[in-house]
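J.: To be precise about what I am sending: the file is called entry_21.csv and holds CSV, C-alpha atoms.
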chain,number,residue,atom,x,y,z
A,130,VAL,CA,97.1,84.3,105.7
A,131,GLU,CA,98.0,81.7,103.1
A,132,SER,CA,101.2,79.8,103.3
A,133,VAL,CA,102.9,78.5,100.2
A,134,PHE,CA,105.0,75.3,100.5
A,135,THR,CA,107.3,74.8,97.6
A,136,HIS,CA,110.7,73.2,97.2
A,137,PHE,CA,113.7,74.8,95.5
A,138,GLY,CA,115.0,73.0,92.4
A,139,ILE,CA,118.4,72.6,94.1
A,140,CYS,CA,117.0,70.4,96.9
A,141,GLU,CA,118.6,67.1,97.5
A,142,ALA,CA,116.0,65.7,99.9
A,143,LYS,CA,112.9,67.0,101.6
A,144,LYS,CA,113.3,66.1,105.2
A,145,LYS,CA,116.8,64.5,105.3
A,146,LYS,CA,118.8,65.7,108.3
A,147,MET,CA,121.7,67.5,106.6
A,148,SER,CA,124.1,68.0,109.5
A,149,GLU,CA,124.5,66.6,112.9
A,150,ASP,CA,126.1,69.8,114.3
A,151,GLY,CA,124.1,72.7,115.6
A,152,PHE,CA,123.1,75.2,112.9
A,153,TYR,CA,120.4,77.8,112.9
A,154,VAL,CA,120.1,81.3,111.5
A,155,ARG,CA,117.2,83.7,112.0
A,156,TYR,CA,117.1,87.4,110.9
A,157,TYR,CA,114.2,89.9,111.5
A,158,VAL,CA,113.9,93.5,110.7
A,159,GLY,CA,110.7,95.4,111.2
A,160,HIS,CA,108.6,98.1,112.8
A,161,ARG,CA,105.0,99.0,113.7
A,162,GLY,CA,103.6,102.1,112.0
A,163,LYS,CA,100.6,103.5,110.2
A,164,PHE,CA,100.6,100.5,107.8
A,165,GLY,CA,100.7,98.0,110.7
A,166,HIS,CA,103.5,95.5,111.5
A,167,GLU,CA,105.9,95.7,108.5
A,168,TYR,CA,108.8,93.3,108.6
A,169,LEU,CA,111.2,90.9,106.7
A,170,GLU,CA,112.2,87.7,108.4
A,171,PHE,CA,114.0,84.6,107.3
A,172,GLU,CA,115.2,81.4,109.0
A,173,PHE,CA,117.5,78.5,108.0
A,174,GLN,CA,117.6,75.3,110.0
A,175,SER,CA,120.2,72.6,110.1
A,176,ASN,CA,117.9,70.1,108.2
A,177,GLY,CA,117.8,72.6,105.3
A,178,LYS,CA,114.4,74.1,106.0
A,179,PHE,CA,114.2,77.7,104.9
A,180,LYS,CA,111.4,80.0,105.9
A,181,TYR,CA,110.9,83.5,104.4
A,182,SER,CA,108.3,86.1,105.4
A,183,ASN,CA,107.8,89.7,104.2
A,184,ASN,CA,104.8,91.7,105.4
A,185,SER,CA,103.7,95.1,104.3
A,186,GLU,CA,100.3,96.7,104.2
A,187,TYR,CA,101.6,99.7,102.1
A,188,LYS,CA,99.2,100.2,99.1
A,189,ASN,CA,97.3,97.1,100.3
A,190,ASP,CA,100.3,94.9,99.7
A,191,THR,CA,99.9,91.3,101.0
A,192,MET,CA,102.1,89.1,103.2
A,193,ILE,CA,104.6,86.9,101.3
A,194,ARG,CA,105.4,83.6,103.0
A,195,LYS,CA,107.6,80.9,101.5
A,196,GLU,CA,108.9,77.7,103.0
A,197,CYS,CA,111.1,75.1,101.4
A,198,TYR,CA,114.2,73.0,101.8
A,199,VAL,CA,117.6,74.0,100.5
A,200,SER,CA,120.5,71.7,99.8
A,201,GLN,CA,123.6,71.1,101.9
A,202,VAL,CA,125.6,73.4,99.5
A,203,VAL,CA,123.4,76.4,100.6
A,204,ILE,CA,123.8,75.5,104.3
A,205,ASP,CA,127.6,75.2,103.8
A,206,GLU,CA,127.7,78.6,102.1
A,207,LEU,CA,125.7,80.1,105.0
A,208,LYS,CA,128.2,78.7,107.4
A,209,ARG,CA,131.1,80.1,105.4
A,210,ILE,CA,129.5,83.5,105.3
A,211,LEU,CA,128.9,83.4,109.1
A,212,GLU,CA,132.4,82.2,109.9
A,213,ASP,CA,134.1,84.7,107.6
A,214,SER,CA,132.2,87.5,109.2
A,215,GLU,CA,133.5,86.5,112.7
A,216,ILE,CA,130.2,87.7,114.1
A,217,VAL,CA,130.5,85.3,117.0
A,218,LYS,CA,133.2,87.5,118.4
A,219,GLU,CA,130.9,90.6,118.6
A,220,ASP,CA,128.7,91.9,121.4
A,221,ASP,CA,125.7,94.1,121.0
A,222,GLY,CA,126.0,95.7,124.4
A,223,MET,CA,127.1,99.0,123.0
A,224,TRP,CA,124.9,99.0,119.8
A,225,PRO,CA,121.9,101.4,119.5
A,226,GLU,CA,118.8,100.0,121.2
A,227,ALA,CA,115.6,99.3,119.2
A,228,ASP,CA,113.4,102.3,119.0
A,229,GLN,CA,110.2,103.6,117.3
A,230,VAL,CA,112.0,103.4,113.9
A,231,GLY,CA,112.3,99.7,114.4
A,232,LYS,CA,114.6,96.9,115.3
A,233,GLN,CA,116.8,94.1,113.8
A,234,GLU,CA,117.4,90.7,115.4
A,235,LEU,CA,119.9,88.1,114.4
A,236,GLU,CA,120.2,84.7,116.0
A,237,VAL,CA,122.9,82.3,115.0
A,238,VAL,CA,123.8,78.8,116.2
A,239,ILE,CA,126.9,77.4,114.6
A,240,GLY,CA,128.6,74.5,116.2
A,241,ASP,CA,128.9,75.2,120.0
A,242,ASN,CA,128.4,79.0,119.5
A,243,HIS,CA,124.9,80.5,120.1
A,244,ILE,CA,124.6,84.3,119.7
A,245,SER,CA,121.6,86.6,119.6
A,246,PHE,CA,121.8,90.3,118.7
A,247,GLU,CA,119.2,93.0,118.8
A,248,THR,CA,119.7,96.6,117.6
A,249,ALA,CA,118.0,99.5,116.0
A,250,LYS,CA,117.5,99.6,112.3
A,251,ILE,CA,120.5,101.0,110.5
A,252,GLY,CA,119.7,103.9,108.2
A,253,SER,CA,123.1,104.8,106.9
A,254,MET,CA,126.8,104.3,107.5
A,255,MET,CA,126.7,107.4,109.6
A,256,ASP,CA,124.5,105.5,112.1
A,257,ILE,CA,127.3,102.9,112.3
A,258,ASN,CA,130.2,105.4,112.5
A,259,ASP,CA,128.4,107.4,115.3
A,260,SER,CA,127.7,104.3,117.4
A,261,LYS,CA,129.7,103.4,120.5
A,262,ASP,CA,131.0,100.2,118.8
A,263,PRO,CA,131.4,101.1,115.1
A,264,GLU,CA,133.6,98.0,114.3
A,265,GLY,CA,131.2,95.5,115.8
A,266,LEU,CA,128.1,97.2,114.2
A,267,ARG,CA,129.9,97.4,110.9
A,268,ALA,CA,130.5,93.6,111.0
A,269,PHE,CA,126.9,93.0,111.8
A,270,TYR,CA,125.7,95.4,109.0
A,271,TYR,CA,127.9,93.7,106.3
A,272,LEU,CA,126.9,90.2,107.5
A,273,VAL,CA,123.2,91.1,107.3
A,274,GLN,CA,123.7,92.6,103.8
A,275,ASP,CA,125.4,89.3,102.7
A,276,LEU,CA,122.6,87.2,104.2
A,277,LYS,CA,119.9,89.3,102.6
A,278,CYS,CA,121.6,89.1,99.2
A,279,LEU,CA,121.7,85.3,99.5
A,280,VAL,CA,118.1,85.1,100.6
A,281,ILE,CA,116.8,87.5,97.9
A,282,SER,CA,118.7,85.5,95.3
A,283,LEU,CA,117.2,82.2,96.4
A,284,ILE,CA,113.7,83.7,96.5
A,285,SER,CA,114.1,85.4,93.1
A,286,LEU,CA,115.5,82.3,91.5
A,287,HIS,CA,112.7,80.0,92.6
A,288,PHE,CA,109.6,82.1,93.1
A,289,LYS,CA,107.9,84.7,90.9
A,290,ILE,CA,107.6,87.5,93.5
A,291,LYS,CA,109.2,90.8,94.2
A,292,PRO,CA,110.5,90.3,97.8
A,293,ILE,CA,111.7,93.9,98.4
A,294,SER,CA,111.0,96.9,96.3
In structure tokens, what does this structure look like?
T.:
Amino acid sequence: VESVFTHFGICEAKKKKMSEDGFYVRYYVGHRGKFGHEYLEFEFQSNGKFKYSNNSEYKNDTMIRKECYVSQVVIDELKRILEDSEIVKEDDGMWPEADQVGKQELEVVIGDNHISFETAKIGSMMDINDSKDPEGLRAFYYLVQDLKCLVISLISLHFKIKPIS
């Protein structure tokens, strides 16, 4: 598997520590099926390091891996999105458990808060409404949508790939 190391045009510094406070975000969604382990995963670190991976064997597709550094402006926007979502107030104890359809994971460190969620893949709003904690799962769902939009925008702006069909 070949890794590609590139830097976004919006970078301010390659390895400069961007913030002294704790900050980390990692999201994973995936499953194992007839096309192997198919997944989407991304990670942001406090120093601005951004990792993206998308794997699918469907129609002999290949793994996409990108790594680069983003500016403090991007990290600040991520923090704003996370804080506005109030996800640190949620608990995944009553969310659907991962199953054969797949799972989602979200890990967030922001300041003194460290949270980690795991739940089943969400197919529709009906899955959310039928859950034992629809408000919490809805907050998770909308946060993940916002994070995916930001990530896909960053990838699309700076790399010539189609991250998700």
J.: Could you list, as a compact mmCIF listing (two decimals) with C-alpha atoms, in the frame of the given file, every residue within 9 Å of segment 210-215 of chain A, counting all atoms listed in the file and ignoring same-chain residues fewer than 2 positions away?
T.:
# COMPACT_ATOMS: atom_id res chain seq x y z
CA ASP A 205 127.60 75.20 103.80
CA GLU A 206 127.70 78.60 102.10
CA LEU A 207 125.70 80.10 105.00
CA LYS A 208 128.20 78.70 107.40
CA VAL A 217 130.50 85.30 117.00
CA LYS A 218 133.20 87.50 118.40
CA GLU A 219 130.90 90.60 118.60
CA VAL A 237 122.90 82.30 115.00
CA ILE A 239 126.90 77.40 114.60
CA ALA A 268 130.50 93.60 111.00
CA PHE A 269 126.90 93.00 111.80
CA TYR A 271 127.90 93.70 106.30
CA LEU A 272 126.90 90.20 107.50
CA ASP A 275 125.40 89.30 102.70
CA LEU A 276 122.60 87.20 104.20
J.: For a test of reading the model, state the distance in Å between atom CA of Gly265 of chain A and atom CA of Asn242 of chain A, rounded to one decimal.
T.: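 So the two atoms, atom CA of Gly265 of chain A and atom CA of Asn242 of chain A, lie 17.1 Å apart.
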J.: Calculated over only C-alpha atoms, which of the candidates A:Gln174, A:Asn258, A:Gly231, A:Cys197 has the smallest distance to Gly162 of chain A?
T.: A:Gly231
J.: For atom CA of Lys232 of chain A and atom CA of Glu170 of chain A, quote the distance in Å rounded to one decimal.
T.: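 Computing the Euclidean distance for atom CA of Lys232 of chain A and atom CA of Glu170 of chain A yields 11.7 Å.
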J.: Provide the atom CA of His287 of chain A to atom CA of Tyr270 of chain A distance in Å, to one decimal place.
T.: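 Atom-to-atom, atom CA of His287 of chain A to atom CA of Tyr270 of chain A, that is 26.0 Å.
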J.: Around the point (118.0, 96.5, 121.0), in the coordinates given by the file, pick out the residues reaching within 6 Å, counting only C-alpha atoms, and return them as a ChimeraX atom specification.
T.: /A:226-227,247-249
J.: Any chance you can output those residues with C-alpha atoms as a short mmCIF file (atom, residue, chain, number, x, y, z; two decimals), keeping the file's coordinate frame?
T.:
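For reference, again_13.cif as written:
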data_model
loop_
_atom_site.label_atom_id
_atom_site.label_comp_id
_atom_site.auth_asym_id
_atom_site.auth_seq_id
_atom_site.Cartn_x
_atom_site.Cartn_y
_atom_site.Cartn_z
CA GLU A 226 118.80 100.00 121.20
CA ALA A 227 115.60 99.30 119.20
CA GLU A 247 119.20 93.00 118.80
CA THR A 248 119.70 96.60 117.60
CA ALA A 249 118.00 99.50 116.00
#
J.: Give me the residues within 8 Å of Val154 of chain A as a PyMOL selection string, counting only C-alpha atoms and dropping any in the same chain fewer than 4 places off.
T.: chain A and resi 172-174+235-238
J.: Tell me which of A:Phe152, A:Phe246, A:Phe171, A:Tyr181 sits closest to Asp221 of chain A, counting all atoms listed in the file.
T.: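 Smallest distance to Asp221 of chain A is found for A:Phe246.
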J.: When distances are computed from all atoms listed in the file, which of A:Gly159, A:Gly165, A:Gly151, A:Pro225 shows the smallest separation from Leu266 of chain A?
T.: A:Pro225
J.: What's around Val203 of chain A at 10 Å? Count only C-alpha atoms, leave out sequence neighbours fewer than 4 positions away in its own chain, and write the answer as a list in words.
T.: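 So the residues in contact are Ile139, Cys140, Phe173, Gly177, Tyr198, Val199, Leu207, Lys208, Arg209, Leu279 and Leu283 of chain A.
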